[in-house]
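Trainee: Here it is: the structure, laid out below.
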Amino acid sequence: DAGVIQSPRHEVTEMGQEVTLRCKPISGHNSLFWYRQTMMRGLELLIYFNNNVPIDDSGMPEDRFSAKMPNASFSTLKIQPSEPRDSAVYFCASSPSRGDWSYEQYFGPGTRLTVT
Amino acid sequence: GESVGLHLPTLSVQEGDNSIINCAYSNSASDYFIWYKQESGKGPQFIIDIRSNMDKRQGQRVTVLLNKTVKHLSLQIAATQPGDSAVYFCAERMIYNQGGKLIFGQGTELSVKP
């Protein structure tokens with residue numbers, strides 16, 4: 001099992017540039033979550049999808065952020081235009097629908113974004 | 001100007017001792033709780049979870065205790081090892097949330113002295 005795959009692992013970009021982060025969830029998982037982690041704000045949920053449909057995007061900071069899940073095996077988080085305050089580690093996580101009571105999420109290794 | 005980050009609570013223990021990490025959760029409507037471990041440079045990793053109709057659940061070297069009266073969750077690690085050094089997060093799921101949305105706490109940093 002390859003786990004959740006994120007790319008790139010590190011991204012350095014200049015303010016104003018477009019940034020696209022990518023995620024491949026674990027095969028068979030039907031929920032996908034995007035988080036942002038900073039020292040200031042901790043681990044924040046940005047958006048999550050269930051069966052490729054966005055369910056809750058209340059954590060998306062502003063219109064510069066957008067996320068898509070065109071199919072069950074791929075999702076993107078896009079920031080356009082990027083700003084220095086977007087610098088953070090972005091995590092993708094996926095979760096299966098097992099029919100039991102567990103809501104365990106499996107996290108990827110993260111993408112460390114630095115906007116200069 | 002200089003930014004100020006979160007100062008995580010820190011727990012320092014001697015190798016071989018037991019560790020207890022505490023978490024106060026916010027919502028009495030939460031029906032599920034989970035603990036994650038995050039090592040430096042890695043994503044959070046599942047440790048153990050518990051449902052609100054349980055008081056205690058045990059795993060390998062770990063025990064989670066839930067006190068719904070005071071909305072308190074704790075993680076006990078037996079015979080703490082240097083490899084247990086990490087940041088530990090608790091998270092809750094609120095019953096009225098759709099699906100598996102989790103709300104994470106700020107984390108506690110565990111430091112194990114050899």
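Scheme for the structure tokens: letters A, B, ... for chains in order shown; per-chain residue numbers from 1; ligand numbers from 1 in order shown.
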Near chain A, meaning an atom within 10 Å, which residues of chain B appear when counting only C-alpha atoms? Write them as number ranges by chain.

Mentor: B: 3-8, 31-36, 41-51, 89, 92-93, 97-107

Trainee: Could you go through segment 17-47 of chain B and tell me which residues DSSP, when run on the backbone, assigns to strand (DSSP E), listing them as a list in words?

Mentor: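 Listing strand (DSSP E) positions across segment 17-47 of chain B yields Ser19, Ile20, Ile21, Asn22, Cys23, Ala24, Ser30, Asp31, Tyr32, Phe33, Ile34, Trp35, Tyr36, Lys37, Gln38, Gln45, Phe46 and Ile47 of chain B.
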
Trainee: Write the residues you've just listed into a file as a PDB file, in the first residue's frame, and include N, CA and C atoms for each of them.

Mentor:
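Listing of selection.pdb after writing:
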```pdb
ATOM      1  N   SER B  19       3.810   8.030  30.143  1.00  0.00           N
ATOM      2  CA  SER B  19       3.449   9.404  29.763  1.00  0.00           C
ATOM      3  C   SER B  19       1.939   9.536  29.739  1.00  0.00           C
ATOM      4  N   ILE B  20       1.473  10.690  30.143  1.00  0.00           N
ATOM      5  CA  ILE B  20       0.045  10.997  30.044  1.00  0.00           C
ATOM      6  C   ILE B  20      -0.104  12.345  29.363  1.00  0.00           C
ATOM      7  N   ILE B  21      -0.772  12.340  28.223  1.00  0.00           N
ATOM      8  CA  ILE B  21      -1.008  13.561  27.464  1.00  0.00           C
ATOM      9  C   ILE B  21      -2.498  13.875  27.530  1.00  0.00           C
ATOM     10  N   ASN B  22      -2.809  15.091  27.902  1.00  0.00           N
ATOM     11  CA  ASN B  22      -4.193  15.465  28.130  1.00  0.00           C
ATOM     12  C   ASN B  22      -4.751  16.350  27.026  1.00  0.00           C
ATOM     13  N   CYS B  23      -6.063  16.301  26.880  1.00  0.00           N
ATOM     14  CA  CYS B  23      -6.737  17.093  25.852  1.00  0.00           C
ATOM     15  C   CYS B  23      -8.123  17.450  26.362  1.00  0.00           C
ATOM     16  N   ALA B  24      -8.461  18.734  26.305  1.00  0.00           N
ATOM     17  CA  ALA B  24      -9.804  19.177  26.633  1.00  0.00           C
ATOM     18  C   ALA B  24     -10.532  19.449  25.334  1.00  0.00           C
ATOM     19  N   SER B  30     -19.802  15.988  20.485  1.00  0.00           N
ATOM     20  CA  SER B  30     -18.831  15.160  19.766  1.00  0.00           C
ATOM     21  C   SER B  30     -19.026  13.694  20.112  1.00  0.00           C
ATOM     22  N   ASP B  31     -18.984  12.845  19.083  1.00  0.00           N
ATOM     23  CA  ASP B  31     -19.266  11.428  19.288  1.00  0.00           C
ATOM     24  C   ASP B  31     -18.079  10.514  19.002  1.00  0.00           C
ATOM     25  N   TYR B  32     -16.965  11.108  18.623  1.00  0.00           N
ATOM     26  CA  TYR B  32     -15.810  10.287  18.236  1.00  0.00           C
ATOM     27  C   TYR B  32     -14.554  11.105  18.472  1.00  0.00           C
ATOM     28  N   PHE B  33     -13.501  10.410  18.956  1.00  0.00           N
ATOM     29  CA  PHE B  33     -12.250  11.088  19.284  1.00  0.00           C
ATOM     30  C   PHE B  33     -11.088  10.236  18.795  1.00  0.00           C
ATOM     31  N   ILE B  34     -10.003  10.926  18.447  1.00  0.00           N
ATOM     32  CA  ILE B  34      -8.877  10.199  17.860  1.00  0.00           C
ATOM     33  C   ILE B  34      -7.583  10.883  18.261  1.00  0.00           C
ATOM     34  N   TRP B  35      -6.521  10.084  18.404  1.00  0.00           N
ATOM     35  CA  TRP B  35      -5.194  10.615  18.706  1.00  0.00           C
ATOM     36  C   TRP B  35      -4.267  10.351  17.524  1.00  0.00           C
ATOM     37  N   TYR B  36      -3.478  11.386  17.196  1.00  0.00           N
ATOM     38  CA  TYR B  36      -2.475  11.268  16.158  1.00  0.00           C
ATOM     39  C   TYR B  36      -1.105  11.633  16.728  1.00  0.00           C
ATOM     40  N   LYS B  37      -0.082  11.035  16.135  1.00  0.00           N
ATOM     41  CA  LYS B  37       1.308  11.349  16.448  1.00  0.00           C
ATOM     42  C   LYS B  37       1.935  11.958  15.204  1.00  0.00           C
ATOM     43  N   GLN B  38       2.646  13.070  15.382  1.00  0.00           N
ATOM     44  CA  GLN B  38       3.320  13.683  14.246  1.00  0.00           C
ATOM     45  C   GLN B  38       4.788  13.876  14.557  1.00  0.00           C
ATOM     46  N   GLN B  45       0.122  10.603  12.124  1.00  0.00           N
ATOM     47  CA  GLN B  45      -0.034   9.148  12.038  1.00  0.00           C
ATOM     48  C   GLN B  45      -1.015   8.698  13.120  1.00  0.00           C
ATOM     49  N   PHE B  46      -1.982   7.878  12.736  1.00  0.00           N
ATOM     50  CA  PHE B  46      -3.005   7.387  13.661  1.00  0.00           C
ATOM     51  C   PHE B  46      -2.389   6.586  14.804  1.00  0.00           C
ATOM     52  N   ILE B  47      -2.898   6.851  16.028  1.00  0.00           N
ATOM     53  CA  ILE B  47      -2.483   6.049  17.175  1.00  0.00           C
ATOM     54  C   ILE B  47      -3.642   5.183  17.661  1.00  0.00           C
TER      55      ILE B  47
END
```

Trainee: Fewer than 6 positions away in the same chain doesn't count, so skip those; otherwise give me all residues within 12 Å of Asn18 of chain B, counting only C-alpha atoms, as a ChimeraX atom specification.

Mentor: /B:11-12,61-63,75-81,84,110,112

Trainee: Would you compute the distance between atom CA of Ser111 of chain B and atom CA of Val13 of chain B? Give it in Å to one decimal.

Mentor: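 Separation of atom CA of Ser111 of chain B and atom CA of Val13 of chain B: 6.4 Å.
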
Trainee: Just give me the gap between atom CA of Lys71 of chain B and atom CA of Asn27 of chain B in Å, one decimal is fine.

Mentor: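 Atom CA of Asn27 of chain B lies 7.7 Å from atom CA of Lys71 of chain B.
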
Trainee: Go through A:Ser73, A:Gln80, A:Ser94, A:Asn52 one by one, measure the shortest atom-to-atom distance of each to Tyr35 of chain A using only C-alpha atoms, and give the residue with the smallest value.

Mentor: A:Ser94

Trainee: Write out as a list in words each polymer residue whose atoms come within 6 Å of Val64 of chain B, counting only C-alpha atoms; drop sequence neighbours fewer than 3 positions from it.

Mentor: Lys56, Arg57, Ser74 and Leu75 of chain B

Trainee: Give me a file of those residues, with all heavy atoms, as a JSON list (two decimals), in the first residue's frame.

Mentor:
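Writing done, so here's out-v7.json:
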```json
[["chain", "number", "residue", "atom", "x", "y", "z"],
["B", 56, "LYS", "N", -12.88, 3.88, 27.88],
["B", 56, "LYS", "CA", -11.47, 3.48, 27.82],
["B", 56, "LYS", "C", -11.27, 2.55, 26.63],
["B", 56, "LYS", "O", -12.16, 1.75, 26.30],
["B", 56, "LYS", "CB", -11.11, 2.75, 29.12],
["B", 56, "LYS", "CG", -9.69, 2.23, 29.21],
["B", 56, "LYS", "CD", -9.50, 1.54, 30.56],
["B", 56, "LYS", "CE", -8.10, 0.98, 30.72],
["B", 56, "LYS", "NZ", -7.92, 0.35, 32.06],
["B", 57, "ARG", "N", -10.10, 2.67, 26.02],
["B", 57, "ARG", "CA", -9.76, 1.75, 24.94],
["B", 57, "ARG", "C", -8.26, 1.57, 24.96],
["B", 57, "ARG", "O", -7.51, 2.53, 25.16],
["B", 57, "ARG", "CB", -10.24, 2.31, 23.60],
["B", 57, "ARG", "CG", -10.20, 1.30, 22.48],
["B", 57, "ARG", "CD", -11.09, 1.71, 21.32],
["B", 57, "ARG", "NE", -11.16, 0.61, 20.35],
["B", 57, "ARG", "CZ", -10.74, 0.69, 19.10],
["B", 57, "ARG", "NH1", -10.23, 1.82, 18.66],
["B", 57, "ARG", "NH2", -10.85, -0.35, 18.31],
["B", 74, "SER", "N", -7.57, 11.69, 27.44],
["B", 74, "SER", "CA", -6.14, 11.54, 27.72],
["B", 74, "SER", "C", -5.57, 10.35, 26.97],
["B", 74, "SER", "O", -6.29, 9.39, 26.65],
["B", 74, "SER", "CB", -5.88, 11.39, 29.22],
["B", 74, "SER", "OG", -6.40, 10.16, 29.69],
["B", 75, "LEU", "N", -4.29, 10.46, 26.68],
["B", 75, "LEU", "CA", -3.55, 9.38, 26.03],
["B", 75, "LEU", "C", -2.44, 8.96, 26.98],
["B", 75, "LEU", "O", -1.63, 9.79, 27.38],
["B", 75, "LEU", "CB", -2.95, 9.86, 24.71],
["B", 75, "LEU", "CG", -2.08, 8.85, 23.96],
["B", 75, "LEU", "CD1", -2.94, 7.73, 23.39],
["B", 75, "LEU", "CD2", -1.28, 9.53, 22.85]]
```
